[in-house]
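To keep things clear, I will list the structure first and then write my remarks on it.
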Amino acid sequence: MIFVAAGTQDGRELAGALLQAGYDVTASVVSSYGEKLLKQYPRLIVNDKPLDEEALKDYIWQHDIRLFIDASHPYAANVSGNAMRACRATNIPYIRYERASVPVDYDKAYRVESYEEAANTAACLGTTVFLTTGSRNLKTFVLSDALKGHTIIARILPTAGVLKECEELGLTPKQIVAIQGPFSEELNIALYRQYGADVVITKNSGAIGGTDTKITAAKKLGLPVVLIDRPKLQYDVIAYTFEDVFAFVKKHFDGSEG
């Protein structure tokens with residue numbers, strides 16, 4: 001059995017490709033939305049419970065997991081750290097699938113290393129801050145002392161849980177853009193204009209995460225972009241293509257499966 005941490009679009013596609021190749025696969029997600037998206041793969045075993053390091057080790061032992069593919073989000077550092085430690089403890093192969101970053105050539109792009117630093121930097125660049133970082137760290141921006149007196153516009157996934165969180169944080173409907181991406185450059189431009197954005201905050205989630213069109217839209221409008229860099233992790237093994245992941249899988253299964 002192969003375990004895929006599949007909380008991303010490419011993670012789901014990778015799990016599906018492995019299934020199609022004949023492997024037995026368990027895919028792990030942390031949201032009901034992610035679980036629904038995996039239902040297109042009828043043979044796929046889905047884990048929808050959060051798994052810390054100890055829970056991962058138990059899952060590996062109990063379900064005879066023989067190889068771990070970490071296709072979690074590029075910013076899910078805790079997931080990757082727990083996965084590597086669990087794999088070492090259970091002595092199974094680990095590989096990280098890492099989507100490519102978007103190269104950024106823009107003189108108004110400000111690189112930062114944390115959400116807190118992003119809030120502090122954005123506060124100096126404008127009064128209306130357009131967030132495109134998702135909901136997970138929304139609280140950091142809404143409660144930031146640096147952003148008091150600023151207007152925060154949060155573009156988030158339109159699910160009941162996320163909308164409830166926005167409401168609990170005191171965001172008004174005028175501050176919420178509830179829409180699912182990916183977004184074209186034209187739509188980003190229209191939204192930045194519609195909400196009067198002075199500065200955009202984003203992460204380098206790669207082209208599949210829409211980072212390229214977020215930045216090119218801001219560049220066309222002359223808006224500064226605060227870019228939160230990816231966490232700096234030393235992965236045990238890393239691959240940048242599905243082909244490299246499959247080569248790793250075939251190497252460790254030695255043709256006995258798939």
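By convention in this document, the chains of the structure tokens carry letters A, B, ... by their order, each chain's residues are numbered from 1, and ligands are numbered from 1 in the order they are shown.
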If we count only C-alpha atoms and set the cut-off at 10 Å, which residues sit around A:Val200, ignoring sequence neighbours fewer than 5 positions away in its own chain? Please answer as a list in words.
Ala109, Ala122, Leu125, Gly126, Thr128, Val129, Phe130, Leu131, Thr132, Thr133, Ile153, Tyr192, Lys214, Ile215, Ala218, Leu223, Pro224, Val225, Val226 and Leu227 of chain A
Print the selection's residues with C-alpha atoms to a file, as a PDB file, in the first residue's frame.
```pdb
ATOM      1  CA  ALA A 109       7.682  42.247  -4.963  1.00  0.00           C
ATOM      2  CA  ALA A 122       1.883  45.160   3.846  1.00  0.00           C
ATOM      3  CA  LEU A 125       2.543  49.651   1.520  1.00  0.00           C
ATOM      4  CA  GLY A 126      -1.142  50.577   1.515  1.00  0.00           C
ATOM      5  CA  THR A 128      -6.425  48.132   1.570  1.00  0.00           C
ATOM      6  CA  VAL A 129      -4.757  44.741   1.766  1.00  0.00           C
ATOM      7  CA  PHE A 130      -5.920  42.003  -0.620  1.00  0.00           C
ATOM      8  CA  LEU A 131      -5.186  38.570   0.857  1.00  0.00           C
ATOM      9  CA  THR A 132      -4.780  35.611  -1.480  1.00  0.00           C
ATOM     10  CA  THR A 133      -3.227  33.257   1.077  1.00  0.00           C
ATOM     11  CA  ILE A 153     -10.018  41.831   1.797  1.00  0.00           C
ATOM     12  CA  TYR A 192      -8.075  44.038  -7.376  1.00  0.00           C
ATOM     13  CA  LYS A 214      -1.764  36.960  -9.169  1.00  0.00           C
ATOM     14  CA  ILE A 215       1.622  38.598  -9.667  1.00  0.00           C
ATOM     15  CA  ALA A 218      -0.606  43.167  -9.735  1.00  0.00           C
ATOM     16  CA  LEU A 223       0.468  47.151  -7.086  1.00  0.00           C
ATOM     17  CA  PRO A 224       3.107  45.999  -4.614  1.00  0.00           C
ATOM     18  CA  VAL A 225       3.102  42.286  -3.819  1.00  0.00           C
ATOM     19  CA  VAL A 226       4.147  40.799  -0.496  1.00  0.00           C
ATOM     20  CA  LEU A 227       5.371  37.295  -1.285  1.00  0.00           C
TER      21      LEU A 227
END
```
Could you tell me, as a PyMOL selection string, which residues of stretch 23-172 of chain A DSSP assigns to helix (DSSP H, G or I) when given the backbone?
chain A and resi 32-40+53-62+77-90+115-123+138-142+160-168
Could you list, as a compact mmCIF listing (two decimals) with N, CA, C and O atoms, in the first residue's frame, every residue within 10 Å of A:Cys124, counting only C-alpha atoms and ignoring same-chain residues fewer than 4 positions away?
```
# COMPACT_ATOMS: atom_id res chain seq x y z
N ALA A 119 2.25 40.70 7.22
CA ALA A 119 1.32 41.70 7.74
C ALA A 119 2.03 43.01 8.01
O ALA A 119 1.55 44.09 7.65
N ASN A 120 3.20 42.95 8.64
CA ASN A 120 3.96 44.16 8.96
C ASN A 120 4.41 44.89 7.70
O ASN A 120 4.37 46.13 7.63
N ALA A 146 -0.20 45.65 13.38
CA ALA A 146 0.28 46.49 12.28
C ALA A 146 -0.84 46.84 11.31
O ALA A 146 -0.82 47.91 10.69
N LEU A 147 -1.84 45.97 11.19
CA LEU A 147 -2.92 46.19 10.22
C LEU A 147 -4.17 46.82 10.83
O LEU A 147 -5.19 46.92 10.15
N VAL A 199 -2.33 46.75 -1.99
CA VAL A 199 -1.23 45.80 -1.88
C VAL A 199 -1.82 44.39 -1.87
O VAL A 199 -2.90 44.17 -1.33
```
Counting only C-alpha atoms, the option among A:Phe3, A:Tyr195, A:Tyr115, A:Phe141 closest to A:Tyr75
A:Tyr115
Would you list, as a ChimeraX atom specification, the residues of stretch 137-209 of chain A that end up in strand (DSSP E or B) under DSSP run on this structure's backbone?
/A:151-156,176-178,199-203
Which residues are near A:Glu113? Cut-off 8 Å, only C-alpha atoms, ignore same chain within fewer than 6 positions. Put them as a PDB file with all heavy atoms, in the first residue's frame.
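Saved file result_17.pdb follows:
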```
ATOM      1  N   ILE A 228       5.167  35.629   0.452  1.00  0.00           N
ATOM      2  CA  ILE A 228       5.642  34.801   1.561  1.00  0.00           C
ATOM      3  C   ILE A 228       6.401  33.612   0.989  1.00  0.00           C
ATOM      4  O   ILE A 228       5.840  32.794   0.258  1.00  0.00           O
ATOM      5  CB  ILE A 228       4.467  34.319   2.435  1.00  0.00           C
ATOM      6  CG1 ILE A 228       3.646  35.510   2.921  1.00  0.00           C
ATOM      7  CG2 ILE A 228       4.978  33.499   3.618  1.00  0.00           C
ATOM      8  CD1 ILE A 228       2.322  35.131   3.563  1.00  0.00           C
ATOM      9  N   ASP A 229       7.680  33.518   1.312  1.00  0.00           N
ATOM     10  CA  ASP A 229       8.500  32.427   0.792  1.00  0.00           C
ATOM     11  C   ASP A 229       8.083  31.089   1.386  1.00  0.00           C
ATOM     12  O   ASP A 229       7.505  31.017   2.473  1.00  0.00           O
ATOM     13  CB  ASP A 229       9.980  32.674   1.099  1.00  0.00           C
ATOM     14  CG  ASP A 229      10.626  33.612   0.095  1.00  0.00           C
ATOM     15  OD1 ASP A 229      10.156  33.663  -1.059  1.00  0.00           O
ATOM     16  OD2 ASP A 229      11.609  34.288   0.461  1.00  0.00           O
ATOM     17  N   ARG A 230       8.412  30.028   0.683  1.00  0.00           N
ATOM     18  CA  ARG A 230       8.118  28.683   1.178  1.00  0.00           C
ATOM     19  C   ARG A 230       8.975  28.365   2.403  1.00  0.00           C
ATOM     20  O   ARG A 230      10.108  28.848   2.522  1.00  0.00           O
ATOM     21  CB  ARG A 230       8.393  27.646   0.084  1.00  0.00           C
ATOM     22  CG  ARG A 230       7.470  27.770  -1.105  1.00  0.00           C
ATOM     23  CD  ARG A 230       7.724  26.667  -2.124  1.00  0.00           C
ATOM     24  NE  ARG A 230       6.828  26.787  -3.264  1.00  0.00           N
ATOM     25  CZ  ARG A 230       6.743  25.906  -4.250  1.00  0.00           C
ATOM     26  NH1 ARG A 230       7.525  24.837  -4.244  1.00  0.00           N
ATOM     27  NH2 ARG A 230       5.891  26.092  -5.241  1.00  0.00           N
ATOM     28  N   PRO A 231       8.442  27.520   3.283  1.00  0.00           N
ATOM     29  CA  PRO A 231       9.261  27.075   4.424  1.00  0.00           C
ATOM     30  C   PRO A 231      10.517  26.377   3.927  1.00  0.00           C
ATOM     31  O   PRO A 231      10.493  25.675   2.914  1.00  0.00           O
ATOM     32  CB  PRO A 231       8.341  26.084   5.154  1.00  0.00           C
ATOM     33  CG  PRO A 231       6.959  26.412   4.697  1.00  0.00           C
ATOM     34  CD  PRO A 231       7.099  26.935   3.292  1.00  0.00           C
TER      35      PRO A 231
END
```
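For the residues A:Asp70, A:Asp107, A:Asp24, A:Asp236, ranking by smallest atom-to-atom distance to A:Gly11 using only C-alpha atoms places A:Asp70 first.
Among the candidates A:Asn91, A:Ser144, A:Gln194, A:Ser184, the one nearest to A:Ala123 when counting only C-alpha atoms is A:Ser144.
Comparing A:Arg136, A:His63, A:Arg155, A:Arg43 by their smallest distance to A:Leu171, the closest is A:Arg155 (using only C-alpha atoms).
Using only C-alpha atoms, the nearest neighbour of A:Ile201 within the list A:Asp244, A:Glu116, A:Glu165, A:Asp64 is A:Glu116.
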